[in-house]
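Participant: Contents of query13.tsv (TSV, C-alpha atoms) are given next:
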chain	number	residue	atom	x	y	z
W	1	MET	CA	79.19	17.74	84.87
W	2	ARG	CA	81.39	14.90	83.61
W	3	LEU	CA	78.34	12.92	82.52
W	4	PHE	CA	77.07	15.96	80.62
W	5	SER	CA	80.40	16.41	78.81
W	6	ARG	CA	80.50	12.70	77.95
W	7	ILE	CA	77.02	12.74	76.44
W	8	PHE	CA	77.48	16.15	74.82
W	9	PRO	CA	81.17	16.46	73.90
W	10	HIS	CA	80.32	19.50	71.76
W	11	PRO	CA	77.06	21.00	73.06
W	12	LEU	CA	77.01	23.87	70.57
W	13	LEU	CA	77.51	21.44	67.70
W	14	THR	CA	74.66	19.32	69.05
W	15	GLY	CA	72.33	22.32	68.98
W	16	LEU	CA	73.55	23.40	65.57
W	17	LEU	CA	73.10	19.94	64.06
W	18	THR	CA	69.58	19.73	65.49
W	19	LEU	CA	68.71	23.12	64.02
W	20	VAL	CA	70.24	22.27	60.63
W	21	TRP	CA	68.31	19.01	60.53
W	22	LEU	CA	65.04	20.81	61.22
W	23	LEU	CA	65.81	23.30	58.46
W	24	LEU	CA	66.75	20.55	56.00
W	25	VAL	CA	63.62	18.47	56.49
W	26	ASN	CA	61.46	21.61	56.56
W	27	SER	CA	59.16	19.90	59.06
W	28	TYR	CA	58.80	20.97	62.64
W	29	SER	CA	57.26	17.85	64.14
W	30	LEU	CA	58.27	16.09	67.31
W	31	ASN	CA	59.74	13.23	65.26
W	32	SER	CA	61.95	15.61	63.28
W	33	LEU	CA	63.09	17.33	66.46
W	34	LEU	CA	63.94	14.06	68.20
W	35	PHE	CA	65.78	12.65	65.19
W	36	GLY	CA	67.72	15.90	64.76
W	37	PHE	CA	68.61	15.82	68.45
W	38	LEU	CA	69.70	12.18	68.10
W	39	LEU	CA	71.95	13.18	65.19
W	40	GLY	CA	73.21	16.06	67.29
W	41	ILE	CA	74.29	13.60	69.98
W	42	VAL	CA	75.62	10.77	67.79
W	43	ILE	CA	77.68	12.78	65.26
W	44	PRO	CA	79.74	14.73	67.84
W	45	PHE	CA	80.17	11.56	69.88
W	46	LEU	CA	81.52	9.66	66.85
W	47	THR	CA	83.80	12.51	65.77
W	48	ARG	CA	85.14	13.23	69.28
W	49	PRO	CA	88.43	11.36	68.67
W	50	TYR	CA	89.18	13.68	65.75
W	51	TRP	CA	88.95	16.79	67.99
W	52	PRO	CA	91.59	16.09	70.66
W	53	ASP	CA	92.59	19.72	71.23
W	54	ARG	CA	89.23	21.42	70.93
W	55	PRO	CA	89.65	25.19	71.20
W	56	GLU	CA	88.01	26.91	74.13
W	57	LEU	CA	86.05	29.98	73.19
W	58	ARG	CA	86.02	32.10	76.32
W	59	HIS	CA	84.34	35.31	75.16
W	60	PRO	CA	80.91	34.78	73.54
W	61	LEU	CA	80.27	38.53	73.28
W	62	LYS	CA	83.54	38.99	71.40
W	63	ILE	CA	82.48	36.22	69.02
W	64	ALA	CA	79.20	38.04	68.37
W	65	GLU	CA	81.14	41.29	67.86
W	66	TYR	CA	83.49	39.59	65.39
W	67	ILE	CA	80.58	38.12	63.41
W	68	ALA	CA	78.82	41.50	63.30
W	69	ILE	CA	81.99	43.25	62.08
W	70	ALA	CA	82.58	40.57	59.44
W	71	ILE	CA	79.00	40.83	58.16
W	72	TRP	CA	79.25	44.63	58.07
W	73	ASP	CA	82.56	44.44	56.19
W	74	ILE	CA	81.07	42.00	53.67
W	75	ILE	CA	78.18	44.38	52.98
W	76	VAL	CA	80.48	47.40	52.61
W	77	ALA	CA	82.94	45.43	50.44
W	78	ASN	CA	80.13	44.32	48.11
W	79	ILE	CA	79.33	47.97	47.43
W	80	ALA	CA	83.01	48.88	47.04
W	81	VAL	CA	83.68	46.02	44.61
W	82	ALA	CA	80.59	46.91	42.57
W	83	ARG	CA	81.84	50.49	42.29
W	84	ILE	CA	85.32	49.31	41.30
W	85	VAL	CA	84.00	46.92	38.66
W	86	LEU	CA	81.45	49.33	37.23
W	87	PHE	CA	83.24	52.67	37.36
W	88	LYS	CA	87.00	52.16	37.64
W	89	ARG	CA	89.07	51.54	34.53
W	90	ASN	CA	91.50	48.65	34.51
W	91	ALA	CA	94.43	51.04	34.25
W	92	GLU	CA	93.32	52.79	37.46
W	93	ARG	CA	93.06	49.59	39.50
W	94	SER	CA	95.87	48.48	41.78
W	95	PRO	CA	95.60	44.74	42.35
W	96	ALA	CA	98.15	43.45	44.83
W	97	TRP	CA	99.46	40.35	46.52
W	98	ILE	CA	99.90	41.08	50.21
W	99	CYS	CA	101.86	38.93	52.63
W	100	ILE	CA	100.35	39.25	56.10
W	101	PRO	CA	102.56	38.25	59.04
W	102	MET	CA	100.38	36.49	61.60
W	103	ASP	CA	100.61	36.32	65.35
W	104	LEU	CA	97.86	33.69	65.46
W	105	ARG	CA	99.02	30.13	66.13
W	106	SER	CA	95.76	28.23	66.59
W	107	PRO	CA	94.77	26.39	63.38
W	108	GLU	CA	91.11	27.17	64.06
W	109	ALA	CA	91.81	30.89	64.42
W	110	ILE	CA	93.91	30.93	61.23
W	111	THR	CA	91.08	29.14	59.40
W	112	VAL	CA	88.54	31.70	60.62
W	113	LEU	CA	90.83	34.56	59.54
W	114	ALA	CA	91.42	33.07	56.08
W	115	GLY	CA	87.71	32.35	55.69
W	116	THR	CA	86.76	35.88	56.71
W	117	ILE	CA	89.21	37.37	54.22
W	118	THR	CA	87.91	35.14	51.45
W	119	LEU	CA	84.26	35.87	52.27
W	120	THR	CA	84.91	39.59	52.00
W	121	PRO	CA	84.49	40.60	48.35
W	122	GLY	CA	87.63	41.94	46.72
W	123	THR	CA	90.03	39.82	48.76
W	124	VAL	CA	90.93	36.15	48.74
W	125	SER	CA	93.27	34.10	50.93
W	126	ALA	CA	95.58	32.31	48.54
W	127	ASP	CA	98.24	30.56	50.60
W	128	LEU	CA	99.52	29.91	54.09
W	129	SER	CA	103.24	29.56	54.72
W	130	ALA	CA	104.52	26.14	55.77
W	131	GLU	CA	105.14	27.34	59.33
W	132	GLY	CA	101.79	29.12	59.46
W	133	HIS	CA	103.33	32.53	60.14
W	134	PHE	CA	102.33	34.29	56.90
W	135	LEU	CA	99.10	34.46	54.93
W	136	LEU	CA	99.16	35.43	51.26
W	137	VAL	CA	96.16	37.54	50.27
W	138	HIS	CA	95.15	38.89	46.87
W	139	CYS	CA	93.32	42.23	46.77
W	140	LEU	CA	91.31	43.42	43.78
W	141	ASP	CA	92.25	47.04	44.38
W	142	ALA	CA	94.86	47.99	46.98
W	143	PRO	CA	96.49	51.36	46.31
W	144	ASP	CA	98.20	51.08	49.72
W	145	PRO	CA	99.02	47.42	50.48
W	146	ASP	CA	100.47	48.31	53.88
W	147	ALA	CA	97.17	49.89	54.92
W	148	VAL	CA	95.29	46.74	53.85
W	149	ARG	CA	97.70	44.58	55.83
W	150	ASP	CA	97.36	46.78	58.91
W	151	GLU	CA	93.57	46.81	58.62
W	152	ILE	CA	93.40	43.00	58.46
W	153	LYS	CA	95.70	42.66	61.44
W	154	ASP	CA	93.87	45.28	63.50
W	155	ARG	CA	90.29	44.55	62.48
W	156	TYR	CA	90.34	40.74	62.34
W	157	GLU	CA	93.50	39.17	63.75
W	158	ARG	CA	93.50	41.18	66.98
W	159	ARG	CA	89.90	40.16	67.70
W	160	LEU	CA	90.59	36.52	66.85
W	161	MET	CA	93.51	36.51	69.28
W	162	GLU	CA	91.15	37.73	72.01
W	163	ILE	CA	88.63	35.00	71.14
W	164	PHE	CA	90.97	32.01	70.70
W	165	GLN	CA	93.83	32.77	73.11
Please re-express this file's structure in structure tokens.

Facilitator:
Amino acid sequence: MRLFSRIFPHPLLTGLLTLVWLLLVNSYSLNSLLFGFLLGIVIPFLTRPYWPDRPELRHPLKIAEYIAIAIWDIIVANIAVARIVLFKRNAERSPAWICIPMDLRSPEAITVLAGTITLTPGTVSADLSAEGHFLLVHCLDAPDPDAVRDEIKDRYERRLMEIFQ
């Protein structure tokens, strides 16, 4: 097992890099596969010193659930933003800056949360406090900022805490 972890310090990254290489070259030959696999071994091996405290993801089903929820929310938010932009007057909109207190402490989990918020149309992560305890989010239309804050904490942060901690 130690030999495996030395050769493949990040096995998922190895597989992902191989797949990305095959998609980039748009050729599914043995040579492309072998070169992609070689890149998948060499790149994680060379970047291993920069990942000293690699997070352990213990619940793969929860990761899949989180991704599915995020994709669903992105689809729903696209429709909601289109309706806001097309049918709601500027005077009726309630843009808001919302400060979200975070219980997450892992930098990777905070990055995933901020990325998910930014990927969801109508919201953008704008700033992280120096201590990493608060995330500043701008919402296109938030008549009830407390409800938006609670939804982010319950829908995303709670799941990320289960995945990363």

Participant: Around (92.5, 45.4, 39.0) in the file's frame, which residues reach within 12 Å when counting all atoms listed in the file? Return as number ranges by chain?

Facilitator: W: 81, 84-97, 122-123, 138-143

Participant: With only C-alpha atoms as the atoms that count, which of W:Ile7, W:Ala109, W:Val137, W:Ala126 lies nearest to Ile63 of chain W?

Facilitator: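 For Ile63 of chain W, the nearest of the candidates is W:Ala109.
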
Participant: Near Asp73 of chain W, within 12 Å and counting only C-alpha atoms, which residues show up once chain neighbours fewer than 3 positions away are dropped, as a VMD selection string?

Facilitator: chain W and resid 66 to 70 76 to 81 116 to 123 151 to 152 155 to 156

Participant: Need the shell around Pro101 of chain W: protein/DNA/RNA residues with any atom at most 8 Å away, counting only C-alpha atoms. Skip same-chain ones fewer than 3 positions apart. Format as a list in words?

Facilitator: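 Neighbouring residues, sequence-local ones excluded: His133, Phe134 and Leu135 of chain W.
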
Participant: Save out the residues we just selected, C-alpha atoms, as a PDB file, in the frame of the given file.

Facilitator:
ATOM      1  CA  HIS W 133     103.330  32.530  60.140  1.00  0.00           C
ATOM      2  CA  PHE W 134     102.330  34.290  56.900  1.00  0.00           C
ATOM      3  CA  LEU W 135      99.100  34.460  54.930  1.00  0.00           C
TER       4      LEU W 135
END

Participant: In Å, rounded to a single decimal, give me how far atom CA of Pro60 of chain W is from atom CA of Trp72 of chain W.

Facilitator: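 If I compute the distance from atom CA of Trp72 of chain W to atom CA of Pro60 of chain W, I get 18.4 Å.
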
Participant: Give me the residues within 9 Å of Pro11 of chain W as an MDAnalysis selection string, counting all atoms listed in the file and dropping any in the same chain fewer than 4 places off.

Facilitator: chainID W and resid 5 7 15:16 40:41 44

Participant: Closest to Trp51 of chain W among W:Arg159, W:Ile100, W:His10, W:Phe37, using all atoms listed in the file?

Facilitator: W:His10

Participant: Report, in Å with one decimal, the straight-line distance from atom CA of Leu33 of chain W to atom CA of Arg48 of chain W.

Facilitator: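 Going from atom CA of Leu33 of chain W over to atom CA of Arg48 of chain W covers 22.6 Å.
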
Participant: Separation of atom CA of Cys99 of chain W and atom CA of Pro145 of chain W, in Å?

Facilitator: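 About the pair atom CA of Cys99 of chain W and atom CA of Pro145 of chain W: they are 9.2 Å apart.
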
Participant: Just checking: using only C-alpha atoms, which residue out of W:Trp21, W:Phe8, W:Phe164, W:Tyr28 ends up closest to Leu46 of chain W?

Facilitator: W:Phe8

Participant: I'd like the contact shell of Ile163 of chain W - 8 Å cut-off, all atoms listed in the file, skipping same-chain residues fewer than 3 positions apart - returned as a list of chain:residue names.

Facilitator: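 My reading of the contact set: W:Leu57, W:Arg58, W:His59, W:Lys62, W:Ile63, W:Arg159, W:Leu160.
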
Participant: For Asp146 of chain W, which residue among W:Leu30, W:Leu19, W:Ile43, W:Ile98 is the nearest when counting only C-alpha atoms?

Facilitator: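 Checking each candidate against Asp146 of chain W, we get W:Ile98 as the closest.
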
Participant: Give me the residues near Leu22 of chain W as an MDAnalysis selection string, where near means some atom within 9 Å (using only C-alpha atoms) and where sequence neighbours in that chain fewer than 4 positions away do not count.

Facilitator: chainID W and resid 17:18 26:29 32:33 36

Participant: Write to file, as an mmCIF file, in the coordinates of the input, the residues of the selection just made, with C-alpha atoms.

Facilitator:
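Contents of the output file result-v4.cif:
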data_model
loop_
_atom_site.group_PDB
_atom_site.id
_atom_site.type_symbol
_atom_site.label_atom_id
_atom_site.label_comp_id
_atom_site.auth_asym_id
_atom_site.auth_seq_id
_atom_site.Cartn_x
_atom_site.Cartn_y
_atom_site.Cartn_z
ATOM 1 C CA LEU W 17 73.100 19.940 64.060
ATOM 2 C CA THR W 18 69.580 19.730 65.490
ATOM 3 C CA ASN W 26 61.460 21.610 56.560
ATOM 4 C CA SER W 27 59.160 19.900 59.060
ATOM 5 C CA TYR W 28 58.800 20.970 62.640
ATOM 6 C CA SER W 29 57.260 17.850 64.140
ATOM 7 C CA SER W 32 61.950 15.610 63.280
ATOM 8 C CA LEU W 33 63.090 17.330 66.460
ATOM 9 C CA GLY W 36 67.720 15.900 64.760
#
